[in-house]
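Remarks on the structure that follows.
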Amino acid sequence: GAGVSQSPSNKVTEKGKDVELRCDPISGHTALYWYRQRLGQGLEFLIYFQGNSAPDKSGLPSDRFSAERTGESVSTLTIQRTQQEDSAVYLCASRFRQAGRYTIYFGEGSWLTVV
Amino acid sequence: QQQVKQSPQSLIVQKGGISIINCAYENTAFDYFPWYQQFPGKGPALLIAIRPDVSEKKEGRFTISFNKSAKQFSLHIMDSQPGDSATYFCAASKETSGSRLTFGEGTQLTVNP
């Protein structure tokens, strides 16, 4: 597709359940980011993948959160034993490099509601 | 060191007026400063970006002013239109290392007709 694709677009889950969120980056984009955005707030960095390098997991808020990426393609963000404070939009972004300059493009987000 | 502080939190401007949003950063290693525009229910979209080798960048009605010594940068929207009503986020990163973007808290802009 032309942009970063995320699924599901909306997810309502019960507290304590696990959820998986998927991100398909723009083809050819080597770097991929996950951010979290709580209602009315800024973007909070979660994790960053770059090629075959070890991911930067420094933003993951707890060990309930994990993410994987297969090569330079799809990534999944998994939240185990969801809590109400996990309710947020989870945004995926991929990065394009041209002539040493980077541009980062975001998907539409996965809206997670934990009830 | 990683913080980016953005102000104001909200801004109301009349159609045709100038909207000004300010950001300040701490990390002198930052070398890439984009602004993102976000409409309700949508992901942030890159609006305009600047690097520290210039003090101003203009694209249409949108201008970024950059003050390296003060570690501040701002977004100016000239001739603001109701369609500009959105949330604007400034961000910063160390582009040369391809690091993550650190975002400001956002400014909700409302342009009244």
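Chain identifiers are assigned as A, B, and so on, following the order in which chains appear in the structure tokens; residues are numbered from 1 within each chain, and ligands are numbered from 1 in order of appearance.
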Distance limit 12 Å, atoms considered: only C-alpha atoms. Which chain B residues sit that close to chain A? Return them as number ranges by chain. B: 2-6, 9-10, 31-51, 86-108
Quick one: residues within 8 Å of region 69-84 of chain B, only C-alpha atoms, excluding same-chain residues fewer than 3 positions away - as a ChimeraX atom specification? /B:13-26,28,35,61-66,109-113
Please, which residues of chain A, numbered as in this document, come out strand (DSSP E or B) from DSSP, as a ChimeraX atom specification? /A:5-7,10-13,19-24,31-37,43-50,56,65-69,75-79,88-98,101-106,110-114
Save out the residues we just selected, C-alpha atoms, as an mmCIF file, in the first residue's frame.
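Result went into out.cif, see below:
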```
data_model
loop_
_atom_site.group_PDB
_atom_site.id
_atom_site.type_symbol
_atom_site.label_atom_id
_atom_site.label_comp_id
_atom_site.auth_asym_id
_atom_site.auth_seq_id
_atom_site.Cartn_x
_atom_site.Cartn_y
_atom_site.Cartn_z
ATOM 1 C CA SER A 5 -1.048 0.274 7.489
ATOM 2 C CA GLN A 6 -2.198 -0.675 10.976
ATOM 3 C CA SER A 7 -4.704 -3.215 12.184
ATOM 4 C CA ASN A 10 -10.222 -0.265 16.745
ATOM 5 C CA LYS A 11 -10.041 -2.853 19.492
ATOM 6 C CA VAL A 12 -12.107 -3.163 22.647
ATOM 7 C CA THR A 13 -10.826 -5.762 25.067
ATOM 8 C CA VAL A 19 -3.947 -7.993 22.511
ATOM 9 C CA GLU A 20 -1.858 -7.957 19.362
ATOM 10 C CA LEU A 21 -1.537 -4.929 17.145
ATOM 11 C CA ARG A 22 -0.094 -5.140 13.664
ATOM 12 C CA CYS A 23 1.857 -2.684 11.548
ATOM 13 C CA ASP A 24 2.731 -2.950 7.863
ATOM 14 C CA ALA A 31 13.165 1.642 10.325
ATOM 15 C CA LEU A 32 9.936 1.193 12.257
ATOM 16 C CA TYR A 33 8.664 2.868 15.410
ATOM 17 C CA TRP A 34 5.808 2.307 17.820
ATOM 18 C CA TYR A 35 4.379 5.231 19.770
ATOM 19 C CA ARG A 36 1.496 5.478 22.214
ATOM 20 C CA GLN A 37 -0.853 8.451 22.402
ATOM 21 C CA LEU A 43 3.210 10.858 21.544
ATOM 22 C CA GLU A 44 5.086 8.549 23.865
ATOM 23 C CA PHE A 45 7.902 6.498 22.318
ATOM 24 C CA LEU A 46 7.666 2.744 22.874
ATOM 25 C CA ILE A 47 10.117 0.871 20.651
ATOM 26 C CA TYR A 48 12.265 1.303 17.538
ATOM 27 C CA PHE A 49 13.481 -1.262 15.005
ATOM 28 C CA GLN A 50 16.294 -0.581 12.531
ATOM 29 C CA ASP A 56 15.589 0.111 21.137
ATOM 30 C CA PHE A 65 4.598 -4.887 26.461
ATOM 31 C CA SER A 66 6.649 -6.534 23.735
ATOM 32 C CA ALA A 67 7.139 -6.109 20.009
ATOM 33 C CA GLU A 68 8.604 -8.087 17.175
ATOM 34 C CA ARG A 69 9.539 -7.327 13.625
ATOM 35 C CA SER A 75 5.736 -5.652 13.160
ATOM 36 C CA THR A 76 3.436 -6.739 15.961
ATOM 37 C CA LEU A 77 3.036 -5.036 19.315
ATOM 38 C CA THR A 78 1.730 -7.335 22.025
ATOM 39 C CA ILE A 79 0.227 -6.182 25.295
ATOM 40 C CA ALA A 88 -4.717 4.671 24.002
ATOM 41 C CA VAL A 89 -3.996 4.977 20.329
ATOM 42 C CA TYR A 90 -0.985 2.931 19.313
ATOM 43 C CA LEU A 91 0.758 4.533 16.376
ATOM 44 C CA CYS A 92 3.248 2.874 14.082
ATOM 45 C CA ALA A 93 5.642 4.839 11.909
ATOM 46 C CA SER A 94 8.226 3.925 9.307
ATOM 47 C CA ARG A 95 11.203 5.900 8.156
ATOM 48 C CA PHE A 96 12.474 6.700 4.701
ATOM 49 C CA ARG A 97 16.035 7.710 4.034
ATOM 50 C CA GLN A 98 17.114 9.647 0.976
ATOM 51 C CA ARG A 101 17.975 12.670 5.206
ATOM 52 C CA TYR A 102 15.189 10.910 7.070
ATOM 53 C CA THR A 103 11.418 11.321 6.874
ATOM 54 C CA ILE A 104 9.063 9.522 9.234
ATOM 55 C CA TYR A 105 5.519 8.602 8.241
ATOM 56 C CA PHE A 106 2.786 7.538 10.631
ATOM 57 C CA SER A 110 -4.891 1.291 16.444
ATOM 58 C CA TRP A 111 -7.378 2.591 18.994
ATOM 59 C CA LEU A 112 -7.324 0.315 22.037
ATOM 60 C CA THR A 113 -9.969 0.478 24.727
ATOM 61 C CA VAL A 114 -9.603 -1.729 27.783
#
```
